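Undergrad: Take this structure first; my questions come after.
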Amino acid sequence: MEKVRNFNNLDSKISTVVTIGTFDGVHLGHQKILKRLVNTAKETHLKSVVLTFFPHPRMVLQNDANIKLINTIEERSNILEQSGLDYLCVQKFTKEFSRLTAEDFVKKILLDQLKAKRVIIGYDHHFGRNRSANIDDLRRFGELYNFEVEEISAEDVNQVSVSSTKIRKALDAGDIEKANTYLGYPFCLSGTVITGKQIGKQLQYPTANLKIEETYKLIPKYGVYVVKSEIENKTVFGMMNIGNNPTVSDSSLQHIEIHFFNFDANLYGKSLKIDMLHRLRDEQKFDSIAALKTQLQQDEEKSLHFIAKLNDK
């Protein structure tokens, strides 16, 4: 798959089948659309294109700094890449772009830049200035400008009872397994390992402290989770705490710390993707460091038990 951030990179000789959306989460419902897109492209000898947007329209139009997304744009791109697409086009969403009329969007983006011969779209999709146009308008433009429109019906979409909103709610509640079921893959956190206070090391549970640059990334409910990561081409399991370390700190700052099992390497400055698998418990404040260490030992036992069951499947 080729990532196209400048539409001029698209070969002017090709023709495409296009689908459009934010695709936050790239969940099972999205995956159904992507499968249809890729299969249609093969059947019709067209190239498959996903047109997505960044930043999220609400960040731009409503100046909504509080919106939290399931994926960073890089995570979303990497997941989309695995669906067999030919091209991923990331349109920078600006106020100027939002003012394009529906017809200008069709002519300037879908036709002139993406060379669309077919557009696959959800039954409730709206586009153009103030989201004023719908599937009927798109069909009308299709007849006018000679491209086909395929609608994914409400029945088709509703067969997969999943939405980005449901996934965000599950993550906010700490229900990582429900979120992963909806996603069809493990929810992840991506960031850089930074130096922490070395408290985990003193407890004989050294941790990698993860810094996530993207402030819009949704962080699940505070607590302790079983996780895994690919490090140096090896799958490594561990347990992760998300919270503010109430036993050893009076700070309200959020920390994301991972203790990897049977693994010892210098990870400072490295970029890690952490897959979240299972929630163990809420974050707690303990009466003493000794009580915290006892709990960590219990967390480790439960984690290893979960991992053993996972590996038996």
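In the structure tokens, the first chain shown is A, the next is B, and so on; residue numbers restart at 1 for each chain, and ligands run from 1 in the order shown.
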Please list as number ranges by chain every residue within 8 Å of Val224 (chain A), counting only C-alpha atoms and excluding residues in the same chain fewer than 5 positions away.

TA: A: 239-242, 279-283

Undergrad: Residues of the last selection are to be written out with N, CA, C and O atoms, as a PDB file, in the first residue's frame.

TA:
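Printed below is again-v1.pdb as written:
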ATOM      1  N   MET A 239       3.035  -6.503  32.422  1.00  0.00           N
ATOM      2  CA  MET A 239       1.874  -5.879  33.049  1.00  0.00           C
ATOM      3  C   MET A 239       2.108  -4.369  33.079  1.00  0.00           C
ATOM      4  O   MET A 239       3.236  -3.912  33.261  1.00  0.00           O
ATOM      5  N   MET A 240       1.040  -3.636  32.874  1.00  0.00           N
ATOM      6  CA  MET A 240       1.148  -2.196  32.742  1.00  0.00           C
ATOM      7  C   MET A 240       0.226  -1.495  33.733  1.00  0.00           C
ATOM      8  O   MET A 240      -0.917  -1.914  33.932  1.00  0.00           O
ATOM      9  N   ASN A 241       0.752  -0.443  34.340  1.00  0.00           N
ATOM     10  CA  ASN A 241      -0.076   0.398  35.212  1.00  0.00           C
ATOM     11  C   ASN A 241      -0.304   1.737  34.534  1.00  0.00           C
ATOM     12  O   ASN A 241       0.631   2.386  34.063  1.00  0.00           O
ATOM     13  N   ILE A 242      -1.565   2.128  34.479  1.00  0.00           N
ATOM     14  CA  ILE A 242      -1.921   3.480  34.034  1.00  0.00           C
ATOM     15  C   ILE A 242      -2.488   4.202  35.247  1.00  0.00           C
ATOM     16  O   ILE A 242      -3.432   3.726  35.875  1.00  0.00           O
ATOM     17  N   ARG A 279      -7.649  -6.650  31.689  1.00  0.00           N
ATOM     18  CA  ARG A 279      -7.578  -5.765  32.856  1.00  0.00           C
ATOM     19  C   ARG A 279      -7.532  -6.599  34.135  1.00  0.00           C
ATOM     20  O   ARG A 279      -8.346  -7.511  34.327  1.00  0.00           O
ATOM     21  N   LEU A 280      -6.567  -6.299  34.990  1.00  0.00           N
ATOM     22  CA  LEU A 280      -6.422  -7.033  36.254  1.00  0.00           C
ATOM     23  C   LEU A 280      -7.184  -6.367  37.396  1.00  0.00           C
ATOM     24  O   LEU A 280      -7.883  -7.026  38.156  1.00  0.00           O
ATOM     25  N   ARG A 281      -7.031  -5.055  37.534  1.00  0.00           N
ATOM     26  CA  ARG A 281      -7.639  -4.367  38.686  1.00  0.00           C
ATOM     27  C   ARG A 281      -7.540  -2.859  38.510  1.00  0.00           C
ATOM     28  O   ARG A 281      -6.851  -2.353  37.620  1.00  0.00           O
ATOM     29  N   ASP A 282      -8.230  -2.144  39.415  1.00  0.00           N
ATOM     30  CA  ASP A 282      -8.096  -0.687  39.496  1.00  0.00           C
ATOM     31  C   ASP A 282      -6.746  -0.319  40.094  1.00  0.00           C
ATOM     32  O   ASP A 282      -6.141  -1.125  40.825  1.00  0.00           O
ATOM     33  N   GLU A 283      -6.303   0.899  39.830  1.00  0.00           N
ATOM     34  CA  GLU A 283      -5.132   1.410  40.544  1.00  0.00           C
ATOM     35  C   GLU A 283      -5.537   1.651  42.001  1.00  0.00           C
ATOM     36  O   GLU A 283      -6.654   2.101  42.269  1.00  0.00           O
TER      37      GLU A 283
END

Undergrad: Once DSSP has gone over the backbone, tell me which residues of region 18-248 of chain A are in strand (DSSP E or B), as a ChimeraX atom specification.

TA: /A:18-20,47-54,69,87-92,116-122,127,133,148-152,188-194,208-211,217,223-231,234-243

Undergrad: Skip Asn66 (chain A) itself and residues of its chain fewer than 2 positions away, then list as a list in words all residues within 10 Å of it, counting only C-alpha atoms.

TA: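 Here the qualifying residues turn out to be Arg58, Met59, Asn63, Asp64, Lys68, Leu69, Thr215, Tyr216 and Leu218 of chain A.
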
Undergrad: Take the residues just selected and output them with N, CA and C atoms as an mmCIF file, in the first residue's frame.

TA:
data_model
loop_
_atom_site.group_PDB
_atom_site.id
_atom_site.type_symbol
_atom_site.label_atom_id
_atom_site.label_comp_id
_atom_site.auth_asym_id
_atom_site.auth_seq_id
_atom_site.Cartn_x
_atom_site.Cartn_y
_atom_site.Cartn_z
ATOM 1 N N ARG A 58 -13.974 17.500 14.183
ATOM 2 C CA ARG A 58 -14.428 18.204 15.401
ATOM 3 C C ARG A 58 -13.307 19.021 16.037
ATOM 4 N N MET A 59 -12.068 18.558 15.880
ATOM 5 C CA MET A 59 -10.936 19.315 16.424
ATOM 6 C C MET A 59 -10.821 20.679 15.747
ATOM 7 N N ASN A 63 -13.230 23.278 17.560
ATOM 8 C CA ASN A 63 -12.071 23.533 18.418
ATOM 9 C C ASN A 63 -12.132 22.656 19.669
ATOM 10 N N ASP A 64 -12.464 21.380 19.448
ATOM 11 C CA ASP A 64 -12.714 20.441 20.544
ATOM 12 C C ASP A 64 -11.406 19.760 20.954
ATOM 13 N N LYS A 68 -11.162 12.532 22.154
ATOM 14 C CA LYS A 68 -10.162 11.475 22.279
ATOM 15 C C LYS A 68 -10.424 10.425 21.206
ATOM 16 N N LEU A 69 -9.366 10.042 20.512
ATOM 17 C CA LEU A 69 -9.491 9.088 19.422
ATOM 18 C C LEU A 69 -8.871 7.746 19.795
ATOM 19 N N THR A 215 -1.806 14.181 22.303
ATOM 20 C CA THR A 215 -2.721 14.477 23.421
ATOM 21 C C THR A 215 -4.147 14.027 23.127
ATOM 22 N N TYR A 216 -4.464 13.777 21.847
ATOM 23 C CA TYR A 216 -5.823 13.363 21.489
ATOM 24 C C TYR A 216 -6.024 11.849 21.623
ATOM 25 N N LEU A 218 -6.843 8.425 23.131
ATOM 26 C CA LEU A 218 -7.645 7.973 24.263
ATOM 27 C C LEU A 218 -6.811 7.032 25.138
#

Undergrad: As number ranges by chain, please: every residue in region 91-206 of chain A that a backbone DSSP assignment puts in alpha helix (DSSP H).

TA: A: 95-98, 102-104, 135-145, 154-159, 164-172, 176-183, 199-202

Undergrad: Residues at most 10 Å from Leu111 (chain A), counting only C-alpha atoms, excluding those fewer than 6 positions away in the same chain, as a PyMOL selection string?

TA: chain A and resi 15-16+104-105+117-118+145-147

Undergrad: Restricting the calculation to only C-alpha atoms: of A:Val50, A:Val17, A:Ala116, A:Val226, which residue gets closest to Ile307 (chain A)?

TA: A:Val226

Undergrad: Have a look at CA of Tyr222 (chain A) and CA of Ile274 (chain A) and let me know their distance in Å, one decimal.

TA: 15.5 Å

Undergrad: Which is closer to Gln82 (chain A) than all the others in A:Tyr185, A:Ser12, A:Gly128, A:Thr101, using only C-alpha atoms?

TA: A:Tyr185

Undergrad: As an exercise, work out the distance from CA of Ala173 (chain A) to CA of Leu203 (chain A) in Å and give it to one decimal place.

TA: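 Spanning CA of Ala173 (chain A) to CA of Leu203 (chain A) is a straight-line distance of 28.8 Å.
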
Undergrad: Can you list, as a list in words, every protein, DNA or RNA residue that comes within 12 Å of Glu81 (chain A) when you count only C-alpha atoms, leaving out same-chain residues fewer than 2 positions away?

TA: Met1, Glu2, Lys3, Val4, Val26, Gln31, Leu34, Val38, Ser48, Val49, Val50, Glu74, Glu75, Arg76, Ser77, Asn78, Ile79, Ser83, Gly84, Leu85, Asp86, Tyr87, Leu88 and Cys89 of chain A

Undergrad: CA of Leu51 (chain A) and CA of Phe187 (chain A), how far apart in Å?

TA: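 Separating CA of Phe187 (chain A) from CA of Leu51 (chain A) is a distance of 22.6 Å.
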
Undergrad: Excluding Ile289 (chain A) and its own-chain neighbours fewer than 2 positions away, which residues fall within 12 Å of it when counting only C-alpha atoms? Please give them as a list of chain:residue names.

TA: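 Counting only C-alpha atoms, the residues come to A:Ile199, A:Gly200, A:Gln202, A:Leu203, A:Gln204, A:Asn245, A:Pro246, A:Thr247, A:Val248, A:Ser249, A:Lys285, A:Phe286, A:Asp287, A:Ala291, A:Leu292, A:Lys293, A:Thr294, A:Gln295, A:Leu296.
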